[in-house]
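Chemist: Contents are mmCIF, C-alpha atoms and all ligand atoms; file name data_4.cif:
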```
data_target
loop_
_atom_site.group_PDB
_atom_site.id
_atom_site.type_symbol
_atom_site.label_atom_id
_atom_site.label_comp_id
_atom_site.auth_asym_id
_atom_site.auth_seq_id
_atom_site.Cartn_x
_atom_site.Cartn_y
_atom_site.Cartn_z
ATOM 1 C CA MET A 942 28.948 11.911 7.177
ATOM 2 C CA LYS A 943 26.182 11.040 4.734
ATOM 3 C CA THR A 944 24.065 7.897 5.131
ATOM 4 C CA SER A 945 23.774 5.575 2.130
ATOM 5 C CA ALA A 946 20.153 6.732 1.688
ATOM 6 C CA GLU A 947 21.292 10.358 1.514
ATOM 7 C CA LYS A 948 24.006 9.430 -0.978
ATOM 8 C CA SER A 949 21.560 7.610 -3.228
ATOM 9 C CA VAL A 950 19.106 10.513 -3.012
ATOM 10 C CA GLN A 951 21.916 12.883 -3.980
ATOM 11 C CA HIS A 952 22.566 10.902 -7.138
ATOM 12 C CA ASP A 953 18.895 10.551 -7.891
ATOM 13 C CA THR A 954 18.000 12.515 -10.982
ATOM 14 C CA SER A 955 14.260 12.200 -10.519
ATOM 15 C CA ILE A 956 11.843 15.103 -10.475
ATOM 16 C CA CYS A 957 9.378 15.444 -7.649
ATOM 17 C CA PHE A 958 6.400 17.690 -6.943
ATOM 18 C CA LEU A 959 6.605 19.891 -3.870
ATOM 19 C CA ASN A 960 3.966 22.513 -3.070
ATOM 20 C CA GLY A 961 3.122 23.366 -6.659
ATOM 21 C CA ASN A 962 6.625 23.082 -8.148
ATOM 22 C CA TYR A 963 8.342 20.327 -10.121
ATOM 23 C CA ILE A 964 11.922 20.215 -8.869
ATOM 24 C CA PRO A 965 14.813 17.719 -8.667
ATOM 25 C CA LEU A 966 14.215 15.321 -5.781
ATOM 26 C CA LYS A 967 17.712 16.007 -4.484
ATOM 27 C CA ASP A 968 16.831 19.704 -4.061
ATOM 28 C CA ALA A 969 13.460 19.184 -2.351
ATOM 29 C CA LYS A 970 13.461 20.592 1.180
ATOM 30 C CA VAL A 971 10.812 20.773 3.909
ATOM 31 C CA SER A 972 10.987 22.729 7.161
ATOM 32 C CA VAL A 973 11.911 20.834 10.341
ATOM 33 C CA LEU A 974 8.779 22.440 11.818
ATOM 34 C CA ASP A 975 6.587 20.625 9.314
ATOM 35 C CA ARG A 976 4.020 18.672 11.327
ATOM 36 C CA GLY A 977 4.776 15.668 9.166
ATOM 37 C CA PHE A 978 8.319 15.688 10.596
ATOM 38 C CA ILE A 979 7.362 16.640 14.154
ATOM 39 C CA PHE A 980 4.163 14.577 14.645
ATOM 40 C CA ALA A 981 3.800 12.345 11.540
ATOM 41 C CA ASP A 982 0.668 14.461 11.069
ATOM 42 C CA GLY A 983 -0.244 13.501 7.530
ATOM 43 C CA ILE A 984 -1.418 10.822 5.157
ATOM 44 C CA TYR A 985 -0.095 9.205 1.994
ATOM 45 C CA GLU A 986 -1.025 7.249 -1.094
ATOM 46 C CA VAL A 987 0.850 4.876 -3.382
ATOM 47 C CA ILE A 988 -0.633 4.744 -6.862
ATOM 48 C CA PRO A 989 0.763 2.325 -9.437
ATOM 49 C CA ALA A 990 0.926 3.558 -13.026
ATOM 50 C CA PHE A 991 1.087 0.954 -15.774
ATOM 51 C CA ALA A 992 2.478 2.116 -19.117
ATOM 52 C CA GLY A 993 2.137 5.687 -17.892
ATOM 53 C CA LYS A 994 -1.510 5.415 -16.744
ATOM 54 C CA PRO A 995 -2.380 5.711 -13.051
ATOM 55 C CA PHE A 996 -4.237 2.506 -12.079
ATOM 56 C CA ARG A 997 -7.589 2.693 -10.252
ATOM 57 C CA LEU A 998 -7.033 6.433 -9.950
ATOM 58 C CA GLU A 999 -10.627 7.213 -9.033
ATOM 59 C CA GLN A 1000 -10.440 4.757 -6.113
ATOM 60 C CA HIS A 1001 -7.056 6.067 -4.923
ATOM 61 C CA LEU A 1002 -8.320 9.662 -5.077
ATOM 62 C CA LYS A 1003 -11.433 8.723 -3.140
ATOM 63 C CA ARG A 1004 -9.313 7.097 -0.413
ATOM 64 C CA LEU A 1005 -7.051 10.167 -0.398
ATOM 65 C CA HIS A 1006 -10.085 12.418 0.028
ATOM 66 C CA ASP A 1007 -11.534 10.194 2.790
ATOM 67 C CA ASN A 1008 -8.188 10.198 4.619
ATOM 68 C CA LEU A 1009 -7.800 13.980 4.383
ATOM 69 C CA THR A 1010 -11.349 14.386 5.668
ATOM 70 C CA ALA A 1011 -10.642 11.953 8.530
ATOM 71 C CA ILE A 1012 -7.746 14.097 9.768
ATOM 72 C CA LYS A 1013 -9.378 17.446 8.916
ATOM 73 C CA ILE A 1014 -7.050 18.629 6.175
ATOM 74 C CA ASN A 1015 -8.807 20.304 3.230
ATOM 75 C CA ASN A 1016 -8.187 18.459 -0.009
ATOM 76 C CA PRO A 1017 -5.903 20.964 -1.763
ATOM 77 C CA TYR A 1018 -6.777 19.865 -5.315
ATOM 78 C CA SER A 1019 -9.660 18.594 -7.399
ATOM 79 C CA ASN A 1020 -9.419 15.091 -8.868
ATOM 80 C CA LYS A 1021 -8.650 16.634 -12.255
ATOM 81 C CA GLN A 1022 -5.794 18.672 -10.762
ATOM 82 C CA TRP A 1023 -4.351 15.600 -8.999
ATOM 83 C CA GLN A 1024 -4.506 13.708 -12.260
ATOM 84 C CA VAL A 1025 -2.583 16.463 -14.059
ATOM 85 C CA ILE A 1026 0.101 16.463 -11.330
ATOM 86 C CA PHE A 1027 0.564 12.689 -11.529
ATOM 87 C CA THR A 1028 0.610 12.686 -15.338
ATOM 88 C CA ASN A 1029 3.172 15.512 -15.391
ATOM 89 C CA LEU A 1030 5.373 13.665 -12.880
ATOM 90 C CA ILE A 1031 5.186 10.455 -14.883
ATOM 91 C CA SER A 1032 6.218 12.186 -18.099
ATOM 92 C CA LYS A 1033 8.885 14.395 -16.473
ATOM 93 C CA ASN A 1034 10.488 11.231 -15.086
ATOM 94 C CA ASN A 1035 10.318 9.449 -18.450
ATOM 95 C CA TYR A 1036 7.884 6.734 -17.444
ATOM 96 C CA PRO A 1037 5.296 7.156 -20.201
ATOM 97 C CA ASP A 1038 5.718 3.565 -21.459
ATOM 98 C CA THR A 1039 7.007 1.666 -18.442
ATOM 99 C CA ASP A 1040 5.553 0.989 -15.010
ATOM 100 C CA CYS A 1041 6.134 3.176 -11.988
ATOM 101 C CA SER A 1042 4.393 4.170 -8.798
ATOM 102 C CA VAL A 1043 3.462 7.606 -7.526
ATOM 103 C CA TYR A 1044 4.129 8.226 -3.835
ATOM 104 C CA LEU A 1045 2.031 11.130 -2.547
ATOM 105 C CA GLN A 1046 2.147 12.605 0.931
ATOM 106 C CA VAL A 1047 0.079 15.436 2.370
ATOM 107 C CA THR A 1048 0.914 16.823 5.815
ATOM 108 C CA ARG A 1049 -0.705 19.569 7.856
ATOM 109 C CA GLY A 1050 2.254 21.831 7.070
ATOM 110 C CA VAL A 1051 4.549 24.080 9.063
ATOM 111 C CA ALA A 1052 3.506 25.467 12.461
ATOM 112 C CA LYS A 1053 4.832 26.187 15.938
ATOM 113 C CA ARG A 1054 5.007 22.832 17.734
ATOM 114 C CA ASP A 1055 1.685 22.306 19.478
ATOM 115 C CA HIS A 1056 -0.420 19.145 19.527
ATOM 116 C CA VAL A 1057 -3.618 21.066 18.707
ATOM 117 C CA PHE A 1058 -4.190 21.628 14.970
ATOM 118 C CA PRO A 1059 -3.004 25.111 13.912
ATOM 119 C CA ASP A 1060 -5.695 27.406 12.454
ATOM 120 C CA ASP A 1061 -3.658 28.745 9.615
ATOM 121 C CA SER A 1062 -1.125 26.189 8.367
ATOM 122 C CA THR A 1063 -0.862 25.366 4.674
ATOM 123 C CA ALA A 1064 -0.683 21.682 3.783
ATOM 124 C CA THR A 1065 2.667 20.405 2.511
ATOM 125 C CA ILE A 1066 2.119 18.423 -0.677
ATOM 126 C CA PHE A 1067 4.856 16.145 -1.893
ATOM 127 C CA ALA A 1068 4.869 13.522 -4.629
ATOM 128 C CA MET A 1069 7.626 11.461 -6.188
ATOM 129 C CA ILE A 1070 7.948 8.623 -8.649
ATOM 130 C CA ASN A 1071 9.475 5.223 -7.946
ATOM 131 C CA PRO A 1072 10.145 2.452 -10.438
ATOM 132 C CA LEU A 1073 7.666 -0.429 -10.261
ATOM 133 C CA LEU A 1074 9.244 -3.740 -11.144
ATOM 134 C CA PRO A 1075 7.124 -6.652 -12.320
ATOM 135 C CA ALA A 1076 6.735 -9.471 -9.797
ATOM 136 C CA ASN A 1077 9.762 -11.745 -9.797
ATOM 137 C CA PRO A 1078 8.594 -15.039 -11.422
ATOM 138 C CA ASP A 1079 10.872 -17.072 -9.101
ATOM 139 C CA ILE A 1080 9.213 -15.519 -6.062
ATOM 140 C CA LEU A 1081 5.736 -16.141 -7.493
ATOM 141 C CA ALA A 1082 6.671 -19.771 -8.191
ATOM 142 C CA ARG A 1083 8.077 -20.336 -4.716
ATOM 143 C CA GLY A 1084 5.519 -18.196 -2.853
ATOM 144 C CA LEU A 1085 6.044 -15.802 0.029
ATOM 145 C CA SER A 1086 6.964 -16.636 3.582
ATOM 146 C CA VAL A 1087 5.301 -14.836 6.470
ATOM 147 C CA ILE A 1088 5.401 -14.622 10.225
ATOM 148 C CA ILE A 1089 2.382 -14.015 12.461
ATOM 149 C CA ARG A 1090 2.461 -11.209 15.000
ATOM 150 C CA GLU A 1091 0.066 -9.496 17.374
ATOM 151 C CA ASP A 1092 -1.335 -6.361 15.702
ATOM 152 C CA ILE A 1093 0.310 -3.768 17.935
ATOM 153 C CA ARG A 1094 -0.882 -0.778 15.915
ATOM 154 C CA TRP A 1095 -3.427 1.890 16.804
ATOM 155 C CA GLN A 1096 -7.224 1.773 16.418
ATOM 156 C CA TYR A 1097 -7.515 3.773 13.159
ATOM 157 C CA CYS A 1098 -5.728 1.455 10.766
ATOM 158 C CA ASN A 1099 -8.228 2.469 8.049
ATOM 159 C CA ILE A 1100 -6.353 5.797 7.798
ATOM 160 C CA LYS A 1101 -3.285 5.658 5.550
ATOM 161 C CA SER A 1102 -1.252 7.597 8.083
ATOM 162 C CA ILE A 1103 2.415 8.438 7.496
ATOM 163 C CA SER A 1104 2.914 7.345 11.124
ATOM 164 C CA LEU A 1105 4.063 3.830 10.222
ATOM 165 C CA LEU A 1106 6.217 2.975 13.214
ATOM 166 C CA GLY A 1107 4.067 -0.038 14.161
ATOM 167 C CA ASN A 1108 4.091 -1.304 10.569
ATOM 168 C CA ILE A 1109 7.833 -0.869 10.088
ATOM 169 C CA ILE A 1110 8.682 -2.568 13.398
ATOM 170 C CA LEU A 1111 6.557 -5.549 12.317
ATOM 171 C CA LYS A 1112 7.997 -5.602 8.796
ATOM 172 C CA GLN A 1113 11.506 -5.444 10.252
ATOM 173 C CA GLU A 1114 10.695 -8.440 12.460
ATOM 174 C CA ALA A 1115 9.608 -10.286 9.328
ATOM 175 C CA ALA A 1116 12.890 -9.374 7.610
ATOM 176 C CA GLU A 1117 14.927 -10.475 10.642
ATOM 177 C CA ASN A 1118 13.120 -13.836 10.439
ATOM 178 C CA ASN A 1119 13.853 -14.178 6.698
ATOM 179 C CA ALA A 1120 10.181 -13.659 5.965
ATOM 180 C CA ASP A 1121 8.559 -11.368 3.404
ATOM 181 C CA GLU A 1122 5.708 -10.074 5.508
ATOM 182 C CA ALA A 1123 4.092 -10.176 8.948
ATOM 183 C CA ILE A 1124 0.416 -11.160 9.051
ATOM 184 C CA LEU A 1125 -1.224 -9.402 11.982
ATOM 185 C CA VAL A 1126 -3.761 -10.775 14.430
ATOM 186 C CA ARG A 1127 -5.934 -8.743 16.803
ATOM 187 C CA ASN A 1128 -8.153 -10.500 19.362
ATOM 188 C CA GLY A 1129 -7.694 -13.807 17.538
ATOM 189 C CA ASN A 1130 -8.683 -12.438 14.105
ATOM 190 C CA VAL A 1131 -6.439 -11.651 11.152
ATOM 191 C CA THR A 1132 -6.468 -7.939 10.333
ATOM 192 C CA GLU A 1133 -3.983 -7.489 7.478
ATOM 193 C CA GLY A 1134 -0.276 -7.620 6.682
ATOM 194 C CA ALA A 1135 2.189 -4.941 7.807
ATOM 195 C CA ALA A 1136 1.933 -3.528 4.254
ATOM 196 C CA SER A 1137 -0.722 -5.653 2.542
ATOM 197 C CA ASN A 1138 -4.221 -7.126 2.832
ATOM 198 C CA VAL A 1139 -4.866 -10.818 3.422
ATOM 199 C CA PHE A 1140 -7.087 -13.357 1.642
ATOM 200 C CA ILE A 1141 -7.507 -17.058 2.349
ATOM 201 C CA VAL A 1142 -9.146 -19.807 0.322
ATOM 202 C CA LYS A 1143 -10.808 -22.772 2.056
ATOM 203 C CA ASN A 1144 -12.965 -25.348 0.281
ATOM 204 C CA ASN A 1145 -13.185 -23.084 -2.804
ATOM 205 C CA VAL A 1146 -14.417 -20.103 -0.783
ATOM 206 C CA ILE A 1147 -12.295 -16.946 -0.980
ATOM 207 C CA LYS A 1148 -12.365 -14.937 2.234
ATOM 208 C CA THR A 1149 -10.955 -11.582 3.335
ATOM 209 C CA PRO A 1150 -11.638 -9.590 6.531
ATOM 210 C CA PRO A 1151 -14.400 -6.961 6.280
ATOM 211 C CA LYS A 1152 -13.405 -3.312 5.929
ATOM 212 C CA ASP A 1153 -13.425 -1.514 9.252
ATOM 213 C CA LYS A 1154 -11.043 0.551 11.366
ATOM 214 C CA LYS A 1155 -8.790 -2.452 11.959
ATOM 215 C CA LEU A 1156 -7.361 -2.494 8.442
ATOM 216 C CA LEU A 1157 -6.542 -0.337 5.460
ATOM 217 C CA PRO A 1158 -9.197 -0.472 2.737
ATOM 218 C CA GLY A 1159 -6.717 -1.663 0.120
ATOM 219 C CA ILE A 1160 -7.400 -0.653 -3.463
ATOM 220 C CA THR A 1161 -6.030 -4.012 -4.635
ATOM 221 C CA ARG A 1162 -8.151 -5.866 -2.055
ATOM 222 C CA ASP A 1163 -11.277 -4.183 -3.373
ATOM 223 C CA LEU A 1164 -10.336 -4.992 -6.957
ATOM 224 C CA ILE A 1165 -9.779 -8.675 -6.120
ATOM 225 C CA VAL A 1166 -13.234 -8.797 -4.462
ATOM 226 C CA GLU A 1167 -14.710 -7.027 -7.512
ATOM 227 C CA ILE A 1168 -13.059 -9.439 -9.981
ATOM 228 C CA ALA A 1169 -14.090 -12.474 -7.903
ATOM 229 C CA ASN A 1170 -17.707 -11.285 -7.821
ATOM 230 C CA GLN A 1171 -17.724 -10.513 -11.556
ATOM 231 C CA GLN A 1172 -16.441 -14.028 -12.240
ATOM 232 C CA GLY A 1173 -19.098 -15.594 -10.018
ATOM 233 C CA LEU A 1174 -16.459 -16.915 -7.600
ATOM 234 C CA ASN A 1175 -17.518 -17.434 -4.013
ATOM 235 C CA CYS A 1176 -15.836 -14.504 -2.234
ATOM 236 C CA ILE A 1177 -16.930 -13.359 1.209
ATOM 237 C CA GLU A 1178 -15.857 -10.504 3.485
ATOM 238 C CA GLU A 1179 -15.780 -12.082 6.943
ATOM 239 C CA ASN A 1180 -13.438 -12.339 9.898
ATOM 240 C CA ILE A 1181 -10.622 -14.868 9.545
ATOM 241 C CA THR A 1182 -9.423 -16.484 12.764
ATOM 242 C CA GLU A 1183 -5.763 -17.295 13.273
ATOM 243 C CA ASP A 1184 -6.706 -20.968 13.184
ATOM 244 C CA GLU A 1185 -8.459 -20.539 9.814
ATOM 245 C CA LEU A 1186 -5.333 -18.832 8.493
ATOM 246 C CA LEU A 1187 -3.163 -21.739 9.610
ATOM 247 C CA THR A 1188 -5.458 -24.381 8.095
ATOM 248 C CA ALA A 1189 -6.303 -22.550 4.845
ATOM 249 C CA ASP A 1190 -5.895 -24.200 1.441
ATOM 250 C CA GLU A 1191 -4.385 -20.956 0.123
ATOM 251 C CA VAL A 1192 -3.282 -17.609 1.526
ATOM 252 C CA TRP A 1193 -2.748 -14.509 -0.625
ATOM 253 C CA LEU A 1194 -1.400 -11.029 0.062
ATOM 254 C CA THR A 1195 -2.502 -8.018 -1.961
ATOM 255 C CA SER A 1196 -1.111 -4.529 -2.402
ATOM 256 C CA SER A 1197 -0.538 -1.981 -5.140
ATOM 257 C CA THR A 1198 3.091 -3.038 -5.504
ATOM 258 C CA LYS A 1199 2.689 -6.812 -4.803
ATOM 259 C CA GLU A 1200 -0.599 -7.101 -6.754
ATOM 260 C CA VAL A 1201 -1.780 -10.568 -5.636
ATOM 261 C CA ALA A 1202 0.911 -12.868 -4.297
ATOM 262 C CA PRO A 1203 0.719 -16.407 -2.901
ATOM 263 C CA VAL A 1204 1.884 -17.149 0.645
ATOM 264 C CA CYS A 1205 3.382 -20.633 0.855
ATOM 265 C CA PHE A 1206 4.946 -20.624 4.319
ATOM 266 C CA ILE A 1207 3.580 -19.312 7.613
ATOM 267 C CA GLU A 1208 6.024 -19.402 10.506
ATOM 268 C CA LYS A 1209 8.157 -21.737 8.348
ATOM 269 C CA LYS A 1210 5.300 -24.283 8.010
ATOM 270 C CA PRO A 1211 3.799 -24.921 4.551
ATOM 271 C CA VAL A 1212 0.362 -23.593 3.615
ATOM 272 C CA ALA A 1213 -1.354 -26.812 2.413
ATOM 273 C CA THR A 1214 1.225 -28.345 0.031
ATOM 274 C CA GLY A 1215 3.587 -25.349 0.266
ATOM 275 C CA THR A 1216 3.119 -24.357 -3.372
ATOM 276 C CA PRO A 1217 0.981 -21.572 -4.923
ATOM 277 C CA GLY A 1218 -2.622 -22.746 -5.268
ATOM 278 C CA GLN A 1219 -4.856 -23.008 -8.317
ATOM 279 C CA HIS A 1220 -7.235 -20.280 -7.146
ATOM 280 C CA TRP A 1221 -4.310 -17.900 -6.790
ATOM 281 C CA ALA A 1222 -3.069 -18.803 -10.298
ATOM 282 C CA LYS A 1223 -6.544 -18.064 -11.694
ATOM 283 C CA MET A 1224 -6.850 -14.780 -9.777
ATOM 284 C CA TYR A 1225 -3.341 -13.712 -10.829
ATOM 285 C CA GLN A 1226 -4.290 -14.323 -14.448
ATOM 286 C CA LEU A 1227 -7.607 -12.443 -14.102
ATOM 287 C CA PHE A 1228 -5.751 -9.537 -12.472
ATOM 288 C CA GLN A 1229 -3.278 -9.368 -15.382
ATOM 289 C CA GLU A 1230 -6.166 -9.531 -17.857
ATOM 290 C CA TYR A 1231 -7.885 -6.660 -16.045
ATOM 291 C CA LYS A 1232 -4.670 -4.588 -16.275
ATOM 292 C CA ASP A 1233 -4.290 -5.421 -19.978
ATOM 293 C CA SER A 1234 -7.901 -4.428 -20.638
ATOM 294 C CA LEU A 1235 -7.080 -0.860 -19.536
ATOM 295 C CA LYS A 1236 -4.160 -0.411 -21.951
HETATM 296 C C1 LIG B 1 -1.099 -1.709 6.049
HETATM 297 C C2 LIG B 1 -1.464 -1.887 4.617
HETATM 298 N N1 LIG B 1 -2.549 -2.624 4.307
HETATM 299 C C3 LIG B 1 -2.911 -2.837 3.032
HETATM 300 C C4 LIG B 1 -2.180 -2.303 1.973
HETATM 301 C C5 LIG B 1 -2.616 -2.548 0.562
HETATM 302 O O1 LIG B 1 -3.259 -1.412 0.027
HETATM 303 P P1 LIG B 1 -3.267 -1.094 -1.527
HETATM 304 O O2 LIG B 1 -3.841 -2.288 -2.203
HETATM 305 O O3 LIG B 1 -4.134 0.112 -1.645
HETATM 306 O O4 LIG B 1 -1.855 -0.852 -1.941
HETATM 307 C C6 LIG B 1 -1.055 -1.519 2.250
HETATM 308 C C7 LIG B 1 -0.285 -0.933 1.161
HETATM 309 O O5 LIG B 1 0.783 -0.429 1.335
HETATM 310 C C8 LIG B 1 -0.694 -1.294 3.606
HETATM 311 O O6 LIG B 1 0.373 -0.550 3.924
#
```
Now, as a test, write the supplied structure out as structure tokens.
Ligand SMILES: Cc1ncc(COP(=O)(O)O)c(C=O)c1O
Modeler:
Amino acid sequence: MKTSAEKSVQHDTSICFLNGNYIPLKDAKVSVLDRGFIFADGIYEVIPAFAGKPFRLEQHLKRLHDNLTAIKINNPYSNKQWQVIFTNLISKNNYPDTDCSVYLQVTRGVAKRDHVFPDDSTATIFAMINPLLPANPDILARGLSVIIREDIRWQYCNIKSISLLGNIILKQEAAENNADEAILVRNGNVTEGAASNVFIVKNNVIKTPPKDKKLLPGITRDLIVEIANQQGLNCIEENITEDELLTADEVWLTSSTKEVAPVCFIEKKPVATGTPGQHWAKMYQLFQEYKDSLK
């Protein structure tokens, strides 16, 4: 019997990229001995593309390269070649004028099951396109709800590993509590969300945790810091305690698919007045202006 996911994949008409070929997603097959399947031995990227143009591509490709280097997989393509692959995928899937996101995954490839890296495996390279819907205005007006959980994940959260079991368990807990996200705390400090980075605003100061191994260096996070600095806003990269999170004037989440979204409820209690704050509204507008400037 087929699961609903398998059924929807079967009906999917999209074209994906697998190891040098553009083929229907429903026909894409990978060996069960792929180390991605056996060990989650691989990394991934999610790159938004607005009106057909990959957004912050240079930054995404740098993170991809850093991640491949971190797990000792040779980067199979040059930046120019990656760009051609993404552009081809976008046009083959008819997204030249609308927004979509590119999901890219590179694993260490097929080998006899052994924990030690094989000498001679060839990386498996897979990319597909997903639609990217604009943020729902009702959700932006009402703000997101989050839970707080202990950060149970491993010690290399800077690597965008396809091993996301910790993240999905935490995100599932959020869903089961009717929340949109879980904000994670390690040793009393906020690290990030299960699939996003965290910002707070207190007394007009914007704050986000510094980049280290405890969190993913989000491309959207970096852009928000860049925009804030360009605008002369007071934005600092410093640890945020759980108490600071709970007493913040504003809390935001950032990611390539969420962009910058206001959090209005933490563990069902309102953040300040329980409505999106003025600094968020300003940053949201600046973010949209930045996107428009690239069109
Ligand atoms: C754990 C985690 N942190 C942060 C982010 C945000 O990163 P980016 O802005 O590059 O999408 C993500 C994105 O999925 C994530 O999974």
Chemist: Do a neighbour search on Phe996 of chain A at 10 Å with all atoms listed in the file, toss out local chain neighbours closer than 3 positions, and write the hits as a PyMOL selection string.
Modeler: chain A and resi 988-993+999-1001+1042+1160+1197+1232+1235
Chemist: Any chance you could work out the residue set of the PyMOL selection byres (((chain A and resi 1080-1085) around 10) and not hetatm) here, as a PyMOL selection string?
Modeler: chain A and resi 1076-1079+1086-1087+1120-1122+1192-1194+1201-1207+1212+1215-1218+1222+1225
Chemist: Run the PyMOL selection byres (((chain A and resi 982) around 12) and not hetatm) on the file and write out the hits as a PyMOL selection string.
Modeler: chain A and resi 974-981+983-985+1008-1009+1011-1014+1046-1052+1054-1059+1064-1065+1100-1105
Chemist: With all atoms listed in the file as the basis for distance, which of A:Pro965, A:Pro1017, A:Gly1173, A:Pro1037 is at the shortest distance from Ile1147 of chain A?
Modeler: A:Gly1173
Chemist: Could you tell me which residues the PyMOL selection byres (((chain A and resi 1127) around 9) and not hetatm) returns for this structure, as number ranges by chain?
Modeler: A: 1090-1093, 1125-1126, 1128-1132, 1155
Chemist: Using all atoms listed in the file, find each residue of chain A with at least one atom at most 7 Å away from an atom of ligand LIG 1 (chain B); report its shortest atom-to-atom pair and that distance in Å (one decimal), sort the rows by chain and rising residue number, and return the result as a Markdown table.
Modeler:
```
| residue | atom | partner | partner_atom | distance |
| --- | --- | --- | --- | --- |
| A:Val987 | CA | B:LIG1 | O4 | 6.5 |
| A:Asn1108 | CA | B:LIG1 | C1 | 6.9 |
| A:Glu1133 | CA | B:LIG1 | N1 | 6.0 |
| A:Gly1134 | CA | B:LIG1 | N1 | 6.0 |
| A:Ala1135 | CA | B:LIG1 | C1 | 4.9 |
| A:Ala1136 | CA | B:LIG1 | O6 | 3.4 |
| A:Ser1137 | CA | B:LIG1 | C3 | 3.6 |
| A:Asn1138 | CA | B:LIG1 | C3 | 4.5 |
| A:Leu1156 | CA | B:LIG1 | N1 | 6.3 |
| A:Leu1157 | CA | B:LIG1 | N1 | 4.7 |
| A:Pro1158 | CA | B:LIG1 | O1 | 6.6 |
| A:Gly1159 | CA | B:LIG1 | O1 | 3.5 |
| A:Ile1160 | CA | B:LIG1 | O3 | 3.8 |
| A:Thr1161 | CA | B:LIG1 | O2 | 3.7 |
| A:Arg1162 | CA | B:LIG1 | O2 | 5.6 |
| A:Thr1195 | CA | B:LIG1 | O2 | 5.9 |
| A:Ser1196 | CA | B:LIG1 | O2 | 3.5 |
| A:Ser1197 | CA | B:LIG1 | O4 | 3.6 |
| A:Thr1198 | CA | B:LIG1 | O4 | 6.5 |
```
Chemist: Any idea what the distance is between atom CA of Leu1045 of chain A and atom CA of Leu1227 of chain A?
Modeler: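 Separation of atom CA of Leu1045 of chain A and atom CA of Leu1227 of chain A: 28.0 Å.
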Chemist: Calculated over all atoms listed in the file, which of the candidates A:Ser1032, A:His1006, A:Pro1151, A:Ile956 has the smallest distance to Asn1020 of chain A?
Modeler: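 Between A:Ser1032, A:His1006, A:Pro1151, A:Ile956, the residue approaching Asn1020 of chain A most closely is A:His1006.
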Chemist: Work out how far atom CA of Phe1067 of chain A is from atom CA of Phe958 of chain A, in Å to one decimal.
Modeler: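 Taking atom CA of Phe958 of chain A as the start and atom CA of Phe1067 of chain A as the end point, the length is 5.5 Å.
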Chemist: Rounded to one decimal in Å, what is the spacing between atom CA of Glu1208 of chain A and atom CA of Ile1088 of chain A?
Modeler: 4.8 Å
Chemist: Looking at A:Val1025, A:Leu966, A:Val1043, A:Leu1106, which one is nearest to Asn1071 of chain A, with distances taken over only C-alpha atoms?
Modeler: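 Comparing A:Val1025, A:Leu966, A:Val1043, A:Leu1106 against Asn1071 of chain A, the winner is A:Val1043.
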Chemist: Would you please work out which residue, of A:Pro995, A:Ala1123, A:Ala969, A:Gln1024, is nearest to Lys1236 of chain A when using only C-alpha atoms?
Modeler: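 Going through A:Pro995, A:Ala1123, A:Ala969, A:Gln1024 one by one, the smallest distance to Lys1236 of chain A is for A:Pro995.
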